[in-house]
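Asker: Pasting a structure here, questions to come.
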Amino acid sequence: MMRNITTKWNLRELMSQQQMFQTTALRPLLAERGVRLSREQVYRLVTQPPQRLNLEVLGALCDILSCTPGDLISVEAQESLAVVNAGEQTRAPIGDLRPQRANLRKPGQV
């Protein structure tokens, strides 16, 4: 069995619940808590799930939005029925598609 883990970044939803609809509103609040991010970094933090997240940033976001890390990040695990060996590619079944045998003839033969 293989487990598929999916995560969801809920920062934008939590910001809207606090009536914060622009990413620029978050930047000065982060700066008050000692987190200095550029305008572009804040925009990416709000609009895209981060691949890596600094604990200081996470703590500041939780303080600003009065939430917990579990509110910011939703994790869902699902069991997968397919068992895949390491290095093995998964392929879709080919169904009725089968190769046709080639008929090779010398030039001049019918």
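Labeling convention for the structure tokens: chains A, B, ... as they appear, residues from 1 per chain, ligands from 1 in order of appearance.
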Env of A:Cys62: 8 Å cut, atoms = only C-alpha atoms, seq-sep filter 6 positions within chain, self excluded. Answer as an NGL selection string.

Answerer: :A and (68-69 or 72)

Asker: Among stretch 1-105 of chain A, which residues does DSSP mark as strand (DSSP E or B) when it is run on the backbone? Keep the chain and numbering as in the structure and answer as JSON, numbers by chain.

Answerer: {"A": [2, 3, 4, 5, 6, 7, 8, 9, 73, 74, 75, 76, 77, 78, 79, 80]}

Asker: What lies within 10 Å of stretch 26-33 of chain A using only C-alpha atoms, ignoring chain neighbours under 6 positions off, as a PyMOL selection string?

Answerer: chain A and resi 15+20+39+41-43+46+56-57+59-61+63-65

Asker: State, in Å with one decimal place, the distance from atom CA of A:Leu14 to atom CA of A:Pro50.

Answerer: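 Taking atom CA of A:Leu14 and atom CA of A:Pro50, their separation equals 15.7 Å.
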
Asker: Would you list the contacts of A:Arg3 as number ranges by chain, taking every protein, DNA or RNA residue within 7 Å and counting only C-alpha atoms, but skipping same-chain residues closer than 6 positions in sequence?

Answerer: A: 77-80

Asker: Write the residues of the selection above to a file with all heavy atoms, as a compact mmCIF listing (two decimals), in the first residue's frame.

Answerer:
# COMPACT_ATOMS: atom_id res chain seq x y z
N ALA A 77 -4.32 12.40 4.12
CA ALA A 77 -3.64 11.18 3.67
C ALA A 77 -4.68 10.21 3.13
O ALA A 77 -5.72 10.01 3.75
CB ALA A 77 -2.87 10.55 4.81
N GLN A 78 -4.38 9.61 1.97
CA GLN A 78 -5.27 8.63 1.38
C GLN A 78 -4.47 7.39 1.03
O GLN A 78 -3.33 7.49 0.57
CB GLN A 78 -5.92 9.17 0.11
CG GLN A 78 -6.85 10.33 0.36
CD GLN A 78 -7.43 10.87 -0.93
OE1 GLN A 78 -6.91 10.61 -2.01
NE2 GLN A 78 -8.51 11.61 -0.81
N GLU A 79 -5.08 6.24 1.24
CA GLU A 79 -4.45 4.98 0.87
C GLU A 79 -4.61 4.77 -0.64
O GLU A 79 -5.68 4.99 -1.19
CB GLU A 79 -5.10 3.81 1.61
CG GLU A 79 -4.90 3.83 3.10
CD GLU A 79 -3.47 3.60 3.51
OE1 GLU A 79 -2.73 2.92 2.78
OE2 GLU A 79 -3.09 4.10 4.58
N SER A 80 -3.54 4.35 -1.27
CA SER A 80 -3.57 4.06 -2.69
C SER A 80 -3.63 2.54 -2.86
O SER A 80 -2.92 1.80 -2.20
CB SER A 80 -2.32 4.61 -3.37
OG SER A 80 -2.30 4.25 -4.72

Asker: When you draw a straight line from atom CA of A:Ile5 to atom CA of A:Glu76, how long is it in Å?

Answerer: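 Between these atoms lies a distance of 5.8 Å.
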
Asker: Identify which of the residues A:Gln22, A:Gln109, A:Asn4, A:Asn10 lies closest to A:Gln48, counting only C-alpha atoms when measuring atom-to-atom distances.

Answerer: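 For A:Gln48, the nearest of the given residues is A:Asn10.
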